[in-house]
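Okay, start-v8.cif is below, mmCIF, C-alpha atoms:
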data_data
loop_
_atom_site.label_atom_id
_atom_site.label_comp_id
_atom_site.auth_asym_id
_atom_site.auth_seq_id
_atom_site.Cartn_x
_atom_site.Cartn_y
_atom_site.Cartn_z
CA MET A 1386 0.00 0.00 0.00
CA ARG A 1387 1.32 3.43 -0.94
CA ILE A 1388 0.20 6.96 -0.23
CA GLU A 1389 0.75 10.21 -2.02
CA GLU A 1390 3.83 12.07 -0.83
CA ASP A 1391 4.66 15.76 -1.13
CA ARG A 1392 8.03 15.68 -2.96
CA ARG A 1393 8.97 19.06 -1.49
CA THR A 1394 8.91 17.71 2.06
CA GLY A 1395 9.00 13.92 1.92
CA LEU A 1396 5.93 13.96 4.20
CA PRO A 1397 2.40 12.82 3.31
CA GLU A 1398 0.67 15.18 0.89
CA ASN A 1399 -1.21 17.83 2.84
CA ASN A 1400 -2.06 21.33 1.63
CA TYR A 1401 -0.94 22.94 4.89
CA LEU A 1402 2.36 21.19 5.64
CA MET A 1403 4.40 23.47 3.39
CA ARG A 1404 3.04 26.48 5.25
CA LEU A 1405 4.22 24.92 8.52
CA VAL A 1406 7.63 24.40 6.95
CA SER A 1407 7.76 28.04 5.81
CA TRP A 1408 6.68 29.21 9.28
CA ARG A 1409 9.44 26.99 10.76
CA ARG A 1410 7.01 24.88 12.77
CA LEU A 1411 8.47 21.88 10.95
CA LEU A 1412 12.23 21.99 10.53
CA PRO A 1413 14.38 19.55 8.54
CA VAL A 1414 17.19 17.82 10.39
CA SER A 1415 19.92 15.45 9.26
CA ILE A 1416 19.84 11.91 10.62
CA VAL A 1417 22.04 8.85 10.56
CA TYR A 1418 20.84 5.28 10.84
CA VAL A 1419 22.16 3.32 13.80
CA SER A 1420 22.75 -0.36 14.53
CA ASN A 1421 19.64 -1.87 16.10
CA ARG A 1422 17.45 -4.93 16.64
CA VAL A 1423 13.64 -4.96 16.87
CA PHE A 1424 12.35 -6.51 20.10
CA TYR A 1425 8.67 -5.65 19.58
CA ALA A 1426 6.65 -5.55 16.36
CA ASN A 1427 2.91 -4.87 16.32
CA GLU A 1428 1.31 -7.77 14.44
CA GLY A 1429 -2.08 -6.03 14.21
CA LEU A 1430 -0.93 -3.46 11.66
CA GLN A 1431 -1.22 -3.52 7.89
CA GLY A 1432 1.29 -1.74 5.69
CA ILE A 1433 4.46 -2.08 3.67
CA SER A 1434 8.08 -2.12 4.85
CA LEU A 1435 7.10 -2.43 8.51
CA PRO A 1436 9.77 -3.58 11.00
CA SER A 1437 10.11 -7.32 11.64
CA LEU A 1438 10.74 -8.90 15.03
CA GLY A 1439 14.40 -9.80 15.59
CA ASP A 1440 15.67 -7.85 12.57
CA PRO A 1441 17.24 -4.41 12.28
CA THR A 1442 15.04 -1.66 10.87
CA PRO A 1443 16.22 1.25 8.72
CA MET A 1444 13.78 3.47 10.65
CA ALA A 1445 16.14 3.50 13.66
CA CYS A 1446 18.01 6.80 13.51
CA GLN A 1447 19.69 9.52 15.55
CA ILE A 1448 20.04 13.24 14.90
CA ALA A 1449 23.31 13.61 13.03
CA LEU A 1450 24.51 17.00 14.37
CA GLY A 1451 26.24 17.33 11.02
CA SER A 1452 26.02 16.11 7.42
CA SER A 1453 24.01 13.01 6.59
CA SER A 1454 22.50 11.11 3.71
CA SER A 1455 18.91 11.44 4.87
CA SER A 1456 16.58 13.83 6.67
CA ALA A 1457 13.66 13.92 9.08
CA TRP A 1458 11.59 16.68 10.66
CA MET A 1459 11.70 18.33 14.07
CA ARG A 1460 8.59 19.76 15.76
CA ALA A 1461 8.42 22.22 18.62
CA CYS A 1462 7.42 20.70 21.98
CA HIS A 1463 8.78 17.29 20.94
CA GLY A 1464 12.02 16.88 22.86
CA ARG A 1465 13.18 13.50 21.59
CA SER A 1466 11.05 12.42 18.61
CA LEU A 1467 11.40 13.00 14.87
CA LEU A 1468 8.92 12.72 12.03
CA LEU A 1469 10.28 10.41 9.36
CA ASN A 1470 10.36 11.04 5.64
CA THR A 1471 8.53 7.93 4.48
CA GLU A 1472 6.05 6.70 1.91
CA ALA A 1473 4.85 3.98 4.26
CA THR A 1474 1.37 4.17 5.74
CA VAL A 1475 -0.15 2.05 8.47
CA VAL A 1476 -3.72 0.81 8.63
CA TYR A 1477 -4.99 -0.10 12.08
CA GLN A 1478 -8.57 -0.66 13.21
CA ASN A 1479 -9.82 0.63 9.83
CA THR A 1480 -7.94 3.92 10.26
CA ARG A 1481 -5.09 5.15 8.08
CA PHE A 1482 -2.07 6.54 9.92
CA ARG A 1483 0.02 8.49 7.40
CA TYR A 1484 2.82 9.70 9.69
CA LEU A 1485 5.54 7.73 11.44
CA ASP A 1486 7.78 9.13 14.13
CA VAL A 1487 10.70 7.81 16.14
CA LYS A 1488 10.85 8.47 19.87
CA GLY A 1489 14.32 8.42 21.42
CA SER A 1490 16.13 9.70 18.33
CA GLY A 1491 18.10 12.52 19.99
CA LEU A 1492 17.66 15.75 21.91
CA ILE A 1493 15.56 18.58 20.44
CA VAL A 1494 15.38 21.96 22.19
CA SER A 1495 12.62 24.56 21.72
CA GLN A 1496 13.53 28.05 22.94
CA HIS A 1497 12.21 31.51 22.04
CA GLY A 1498 10.30 30.17 19.06
CA LYS A 1499 13.32 28.33 17.66
CA ILE A 1500 13.89 24.58 17.35
CA PHE A 1501 17.37 23.09 17.29
CA PRO A 1502 19.14 19.78 18.04
CA GLU A 1503 21.58 19.25 20.91
CA VAL A 1504 23.93 16.45 21.90
CA ILE A 1505 22.37 13.89 24.26
CA SER A 1506 23.32 14.11 27.94
CA PRO A 1507 22.47 12.38 31.24
CA ASP A 1508 19.44 13.79 33.02
CA LYS A 1509 20.53 15.45 36.27
CA SER A 1510 17.06 15.93 37.78
CA ARG A 1511 16.33 13.95 40.92
CA ARG A 1512 13.39 12.07 39.41
CA TYR A 1513 15.15 10.99 36.22
CA ARG A 1514 18.74 10.71 37.38
CA GLY A 1515 20.52 8.00 35.43
CA PHE A 1516 18.34 8.39 32.37
CA THR A 1517 19.38 10.33 29.27
CA GLN A 1518 17.94 13.48 27.70
CA GLY A 1519 17.08 12.71 24.09
CA LEU A 1520 16.94 8.93 24.45
CA ALA A 1521 14.20 6.47 25.39
CA THR A 1522 14.91 3.50 27.63
CA LYS A 1523 13.60 -0.05 27.34
CA GLU A 1524 11.85 0.01 30.72
CA TRP A 1525 9.64 2.92 29.70
CA ALA A 1526 9.06 1.57 26.19
CA LEU A 1527 7.72 -1.71 27.54
CA ILE A 1528 5.41 0.20 29.91
CA SER A 1529 4.23 2.37 27.02
CA ILE A 1530 3.46 -0.67 24.85
CA GLU A 1531 1.55 -2.37 27.68
CA ASN A 1532 -0.43 0.79 28.47
CA THR A 1533 -1.30 1.28 24.79
CA GLN A 1534 -2.89 -2.17 24.82
CA ARG A 1535 -4.75 -1.37 28.06
CA LEU A 1536 -6.24 1.81 26.64
CA GLU A 1537 -7.33 0.06 23.46
CA GLU A 1538 -9.15 -2.54 25.59
CA ILE A 1539 -11.24 0.16 27.29
CA GLY A 1540 -11.90 2.08 24.09
CA VAL A 1541 -9.56 5.04 24.60
CA ARG A 1542 -8.02 6.21 21.34
CA THR A 1543 -4.22 6.47 21.28
CA VAL A 1544 -1.47 6.06 18.68
CA PRO A 1545 -0.30 2.53 17.85
CA VAL A 1546 3.28 1.54 18.56
CA VAL A 1547 4.50 0.11 15.25
CA ALA A 1548 7.70 -1.35 16.71
CA ALA A 1549 10.33 -0.88 19.37
CA THR A 1550 13.99 -1.52 18.72
CA GLU A 1551 17.14 -1.67 20.81
CA ILE A 1552 19.82 0.70 19.51
CA TYR A 1553 23.53 0.01 19.91
CA GLU A 1554 24.96 3.32 18.71
CA VAL A 1555 24.51 7.00 19.60
CA ILE A 1556 25.92 10.28 18.28
CA ASN A 1557 28.61 12.23 20.13
CA ALA A 1558 29.26 15.98 20.15
CA LEU A 1559 31.41 15.67 17.01
CA GLY A 1560 28.53 14.10 15.09
CA SER A 1561 30.20 10.67 15.02
CA LYS A 1562 28.57 7.35 15.74
CA ILE A 1563 29.89 5.63 18.85
CA SER A 1564 28.76 2.52 20.69
CA VAL A 1565 26.38 2.85 23.63
CA LEU A 1566 29.13 1.45 25.86
CA GLU A 1567 31.51 4.19 24.73
CA GLY A 1568 28.72 6.71 25.29
CA ARG A 1569 28.46 5.57 28.91
CA VAL A 1570 32.21 5.83 29.40
CA ASN A 1571 32.24 9.32 27.88
CA GLY A 1572 29.37 10.50 30.06
CA LEU A 1573 26.78 10.90 27.28
CA VAL A 1574 24.53 7.97 28.20
CA GLY A 1575 23.13 7.66 31.72
CA GLN A 1576 23.81 4.47 33.64
CA ARG A 1577 20.10 3.59 33.93
CA THR A 1578 19.46 4.03 30.21
CA GLU A 1579 19.04 0.97 28.03
CA PRO A 1580 18.58 2.86 24.76
CA VAL A 1581 15.66 1.95 22.52
CA GLU A 1582 13.48 3.71 19.99
CA GLU A 1583 9.71 3.55 19.68
CA ILE A 1584 8.29 3.84 16.18
CA ARG A 1585 4.75 5.20 16.34
CA ALA A 1586 2.00 5.87 13.81
CA TRP A 1587 -0.07 9.08 13.80
CA VAL A 1588 -3.18 10.35 12.05
CA THR A 1589 -1.95 13.90 12.70
CA PRO A 1590 1.45 14.66 14.27
CA PHE A 1591 0.39 17.80 16.16
CA ARG A 1592 -0.78 18.21 19.76
CA LEU A 1593 -2.95 20.70 21.59
CA GLN A 1594 0.02 22.34 23.31
CA GLU A 1595 1.50 23.40 19.99
CA VAL A 1596 -1.63 25.42 19.20
CA THR A 1597 -1.45 27.19 22.58
CA ARG A 1598 2.21 28.11 22.01
CA PHE A 1599 2.03 29.18 18.36
CA ASN A 1600 -0.50 30.45 15.86
CA GLY A 1601 -2.19 27.11 15.21
CA ARG A 1602 -4.24 27.92 12.14
CA ASP A 1603 -2.25 25.78 9.72
CA MET A 1604 -1.86 22.97 12.28
CA ILE A 1605 -5.62 22.90 12.77
CA HIS A 1606 -6.34 22.85 9.05
CA ALA A 1607 -3.63 20.23 8.48
CA ALA A 1608 -5.21 18.08 11.20
CA MET A 1609 -8.67 18.49 9.65
CA GLU A 1610 -7.33 17.29 6.31
CA ASP A 1611 -5.44 14.39 7.91
CA ILE A 1612 -8.50 13.21 9.88
CA LYS A 1613 -10.69 13.23 6.79
CA ASN A 1614 -8.06 11.22 4.90
CA SER A 1615 -7.75 8.72 7.76
CA GLY A 1616 -11.26 7.30 7.59
CA ASP A 1617 -11.42 7.31 11.41
CA SER A 1618 -15.11 6.65 12.14
CA ASN A 1619 -14.60 7.26 15.88
CA PHE A 1620 -13.93 10.97 15.37
CA PRO A 1621 -17.20 12.92 14.93
CA SER A 1622 -17.84 14.31 11.46
CA PHE A 1623 -17.25 18.00 10.70
CA SER A 1624 -17.35 20.35 7.73
CA ASN A 1625 -15.61 23.50 9.01
CA SER A 1626 -13.15 24.58 11.68
CA GLU A 1627 -15.79 25.39 14.30
CA GLU A 1628 -17.43 21.99 13.86
CA PHE A 1629 -13.98 20.42 14.04
CA LEU A 1630 -13.27 22.08 17.40
CA GLN A 1631 -16.67 20.91 18.65
CA ALA A 1632 -15.82 17.35 17.58
CA LEU A 1633 -12.40 17.60 19.19
CA ALA A 1634 -13.93 18.84 22.45
CA GLN A 1635 -16.25 15.85 22.49
CA SER A 1636 -13.38 13.45 21.76
CA ILE A 1637 -11.19 14.87 24.54
CA GLY A 1638 -13.99 14.58 27.12
CA GLN A 1639 -14.80 11.02 26.08
CA ALA A 1640 -11.16 9.92 26.20
CA VAL A 1641 -10.39 11.36 29.65
CA GLY A 1642 -13.77 10.23 30.98
CA LYS A 1643 -13.12 6.63 29.94
CA LEU A 1644 -9.61 6.84 31.37
CA HIS A 1645 -10.85 7.91 34.80
CA LYS A 1646 -13.90 5.64 34.75
CA HIS A 1647 -11.58 2.63 34.52
CA GLY A 1648 -9.32 3.89 37.30
CA TYR A 1649 -6.40 5.29 35.29
CA VAL A 1650 -4.61 8.61 35.51
CA HIS A 1651 -2.09 9.91 33.01
CA GLU A 1652 -0.36 12.53 35.23
CA TYR A 1653 0.79 14.63 32.25
CA LEU A 1654 -2.41 15.92 30.64
CA SER A 1655 -2.60 19.36 32.27
CA GLY A 1656 -0.13 20.95 29.85
CA LEU A 1657 -2.09 19.53 26.89
CA HIS A 1658 1.15 18.14 25.47
CA ASN A 1659 -0.12 14.57 25.47
CA ILE A 1660 -3.41 15.02 23.61
CA THR A 1661 -3.30 15.13 19.82
CA LEU A 1662 -5.39 17.29 17.51
CA ASP A 1663 -7.50 14.22 16.74
CA GLY A 1664 -8.20 13.67 20.43
CA ARG A 1665 -5.83 10.77 21.11
CA ILE A 1666 -4.02 10.37 24.44
CA VAL A 1667 -0.33 9.67 23.93
CA ASP A 1668 3.00 9.20 25.77
CA LEU A 1669 1.72 6.50 28.07
CA ASP A 1670 4.83 5.57 30.05
CA GLY A 1671 3.45 7.57 33.00
CA LEU A 1672 -0.07 6.10 32.88
CA HIS A 1673 -1.03 4.09 35.95
CA SER A 1674 -4.03 2.65 37.74
CA THR A 1675 -5.15 4.28 40.96
CA HIS A 1676 -8.07 4.11 43.37
CA SER A 1677 -7.40 7.70 44.45
CA SER A 1678 -10.24 10.04 43.53
CA LEU A 1679 -7.95 12.88 44.63
CA ARG A 1680 -5.45 12.12 41.86
CA ARG A 1681 -8.17 11.83 39.23
CA GLY A 1682 -9.67 15.06 40.55
CA ALA A 1683 -6.33 16.83 40.32
CA GLU A 1684 -5.93 15.70 36.72
CA TYR A 1685 -9.48 16.87 35.95
CA ARG A 1686 -8.84 20.31 37.44
CA GLY A 1687 -5.53 20.64 35.61
CA LEU A 1688 -7.14 19.74 32.31
CA PHE A 1689 -10.07 22.12 32.67
CA GLY A 1690 -8.26 25.00 34.35
CA GLU A 1691 -7.47 28.33 32.72
CA ILE A 1692 -4.19 27.00 31.29
CA GLY A 1693 -5.83 23.81 30.09
CA CYS A 1694 -8.70 23.34 27.67
CA TYR A 1695 -9.96 26.90 27.91
CA GLU A 1696 -6.60 28.32 26.80
CA PHE A 1697 -6.45 25.85 23.94
CA PHE A 1698 -9.91 26.63 22.58
CA GLU A 1699 -9.43 30.38 22.94
CA ARG A 1700 -6.10 30.23 21.07
CA ALA A 1701 -7.53 27.85 18.47
CA LEU A 1702 -10.48 30.15 17.78
CA ASP A 1703 -8.16 33.17 17.61
CA SER A 1704 -6.04 31.29 15.09
CA VAL A 1705 -8.82 30.38 12.68
CA ASP A 1706 -10.87 33.59 13.11
CA PRO A 1707 -8.71 36.36 14.62
CA PHE A 1708 -11.23 39.19 14.19
CA LYS A 1709 -13.86 38.12 16.72
CA PRO A 1710 -13.94 37.89 20.53
CA HIS A 1711 -13.92 34.22 21.52
CA GLU A 1712 -14.12 34.06 25.31
CA LYS A 1713 -17.72 32.82 25.44
CA LYS A 1714 -17.28 30.37 22.56
CA ALA A 1715 -14.14 28.95 24.20
CA ARG A 1716 -16.05 28.39 27.43
CA ASP A 1717 -18.84 26.72 25.44
CA PHE A 1718 -16.31 24.27 24.03
CA VAL A 1719 -14.91 23.58 27.50
CA ASN A 1720 -18.45 22.77 28.60
CA VAL A 1721 -18.70 20.30 25.70
CA VAL A 1722 -15.56 18.60 27.01
CA LYS A 1723 -16.96 18.50 30.56
CA ASP A 1724 -20.33 17.12 29.43
CA ALA A 1725 -18.66 14.38 27.38
CA TYR A 1726 -16.42 13.58 30.36
CA ARG A 1727 -19.37 13.29 32.76
CA ASN A 1728 -21.36 11.14 30.33
CA GLU A 1729 -18.46 8.68 30.10
CA ARG A 1730 -18.04 8.57 33.88
CA ARG A 1731 -21.67 7.52 34.46
#
As structure tokens, what does this structure read like?
Amino acid sequence: MRIEEDRRTGLPENNYLMRLVSWRRLLPVSIVYVSNRVFYANEGLQGISLPSLGDPTPMACQIALGSSSSSAWMRACHGRSLLLNTEATVVYQNTRFRYLDVKGSGLIVSQHGKIFPEVISPDKSRRYRGFTQGLATKEWALISIENTQRLEEIGVRTVPVVAATEIYEVINALGSKISVLEGRVNGLVGQRTEPVEEIRAWVTPFRLQEVTRFNGRDMIHAAMEDIKNSGDSNFPSFSNSEEFLQALAQSIGQAVGKLHKHGYVHEYLSGLHNITLDGRIVDLDGLHSTHSSLRRGAEYRGLFGEIGCYEFFERALDSVDPFKPHEKKARDFVNVVKDAYRNERR
């Protein structure tokens, strides 16, 4: 199975992606492929050139920090994942996922509206000491895969993990490939890090947080086009941007409501970074089951606070129609989210 590709970007054809490139919301970056072996391959997917269990995959890559024979794309607010240039598409549960990304492919920094790569380095924070900025570790990848399956069982939409692969090389400050062992010796790779990469499939590669941080007009229209091309019957139908935001509000409320109804909390929803523009909950290595209504309540308040859904809908409305006041309409959309949440909790 093949899909149309925009030859100017190497990404799936979408009328709005080139605008995002010109606005520097998508930035090209050089990559190098690294030695690897796939330890998990999702057998429920349909597509071409998908990774095979026990084999290396050419999708395993690291940011080159220099010249390279291939390229990928950096996004703001995505600290260690790259969008791949690929013609492959994935079909899963009757939905077409036209984007693939690689999590754990190097360190990406977003500062003052600019996006740039940095050399990987051990995380010095107390919580993540021993892990590595820019890399994923096998422990978290296995948790993410397990939690993806749990959410699918309770009907919460997320992004499928296509494969996970152990990597045996990283990139040093000179842009050279070195072994993971040498990276540990040189102080680049934390002692608790067993480097892997997760390859994930997306209907749309943008998240709510990106709209709150930037003018999200082109991201919203790109997402609308991607959702229509995906054939996802679980996302409510829409014909314009306002109907799309209404459908998204309903999807967010349903997803979080189902999550809490079945006793799960995500912990990282309040910043809106882990909800996509098609209403999927992602980055599941922090998801856990809890009987604490206080923790679910804290997540609820964080999601629906002034810096949560309300900020998103106000910024989204400002992006698509900047010449009208949107405070009331934004609150109406937040109420749609809350109603959908309560209906799922019943």
Exercise for the section: Please measure the separation of CA of Leu1485 in chain A and CA of Val1414 in chain A, giving the value in Å to one decimal. Expected result: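 CA of Val1414 in chain A lies at a distance of 15.4 Å from CA of Leu1485 in chain A.
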Fill in the blank from the handout: Among A:Arg1410, A:Ala1640, A:Asp1603, A:Asn1532, Ser1674 in chain A is approached most closely, using all atoms listed in the file, by A:Asn1532
Exercise for the section: Grab the CA of Met1444 in chain A to CA of Tyr1418 in chain A distance for me, in Å with one decimal place. Expected result: 7.3 Å
Exercise for the section: Quick one: apply the PyMOL selection byres ((chain A and resi 1517) around 12) to the file and drop the selected residues here as JSON, numbers by chain. Expected result: {"A": [1464, 1465, 1489, 1490, 1491, 1492, 1504, 1505, 1506, 1507, 1508, 1509, 1510, 1512, 1513, 1514, 1515, 1516, 1518, 1519, 1520, 1521, 1522, 1555, 1565, 1568, 1569, 1572, 1573, 1574, 1575, 1576, 1577, 1578, 1579, 1580, 1581]}
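The residue that comes closest to Val1596 in chain A, out of A:Asp1611, A:Glu1699, A:Glu1628, A:Glu1582 and on the basis of all atoms listed in the file, is A:Glu1699.
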Fill in the blank from the handout: Of A:Ile1528, A:Val1570, A:Cys1446, A:Leu1430, the one sitting nearest Tyr1553 in chain A when using only C-alpha atoms is A:Cys1446
Practice task
Identify which of the residues A:Ser1564, A:Thr1661, A:Gln1478, A:Ser1704 lies closest to Asn1619 in chain A, counting only C-alpha atoms when measuring atom-to-atom distances.
Solution key: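 Using only C-alpha atoms, the shortest distance to Asn1619 in chain A belongs to A:Gln1478.
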Handout entry: Best match for closeness to Ile1584 in chain A among A:Thr1550, A:Ser1615, A:Thr1533, A:Ser1622, counting all atoms listed in the file
Key =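 Under the stated criterion, the closest residue is A:Thr1550.
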Exercise for the section: Please identify all polymer residues within 9 Å of Tyr1726 in chain A, counting all atoms listed in the file, omitting same-chain residues fewer than 6 positions from it, and present them as a PyMOL selection string. Expected result: chain A and resi 1635+1637-1643
Problem - Close residues, Tyr1401 in chain A itself excluded, 9 Å, all atoms listed in the file, min 2 positions apart in chain, as a list in words - result: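 These residues fall inside the cut-off: Glu1398, Asn1399, Met1403, Arg1404, Leu1405, Val1406, Asp1603, Met1604, His1606, Ala1607 and Glu1610 of chain A.
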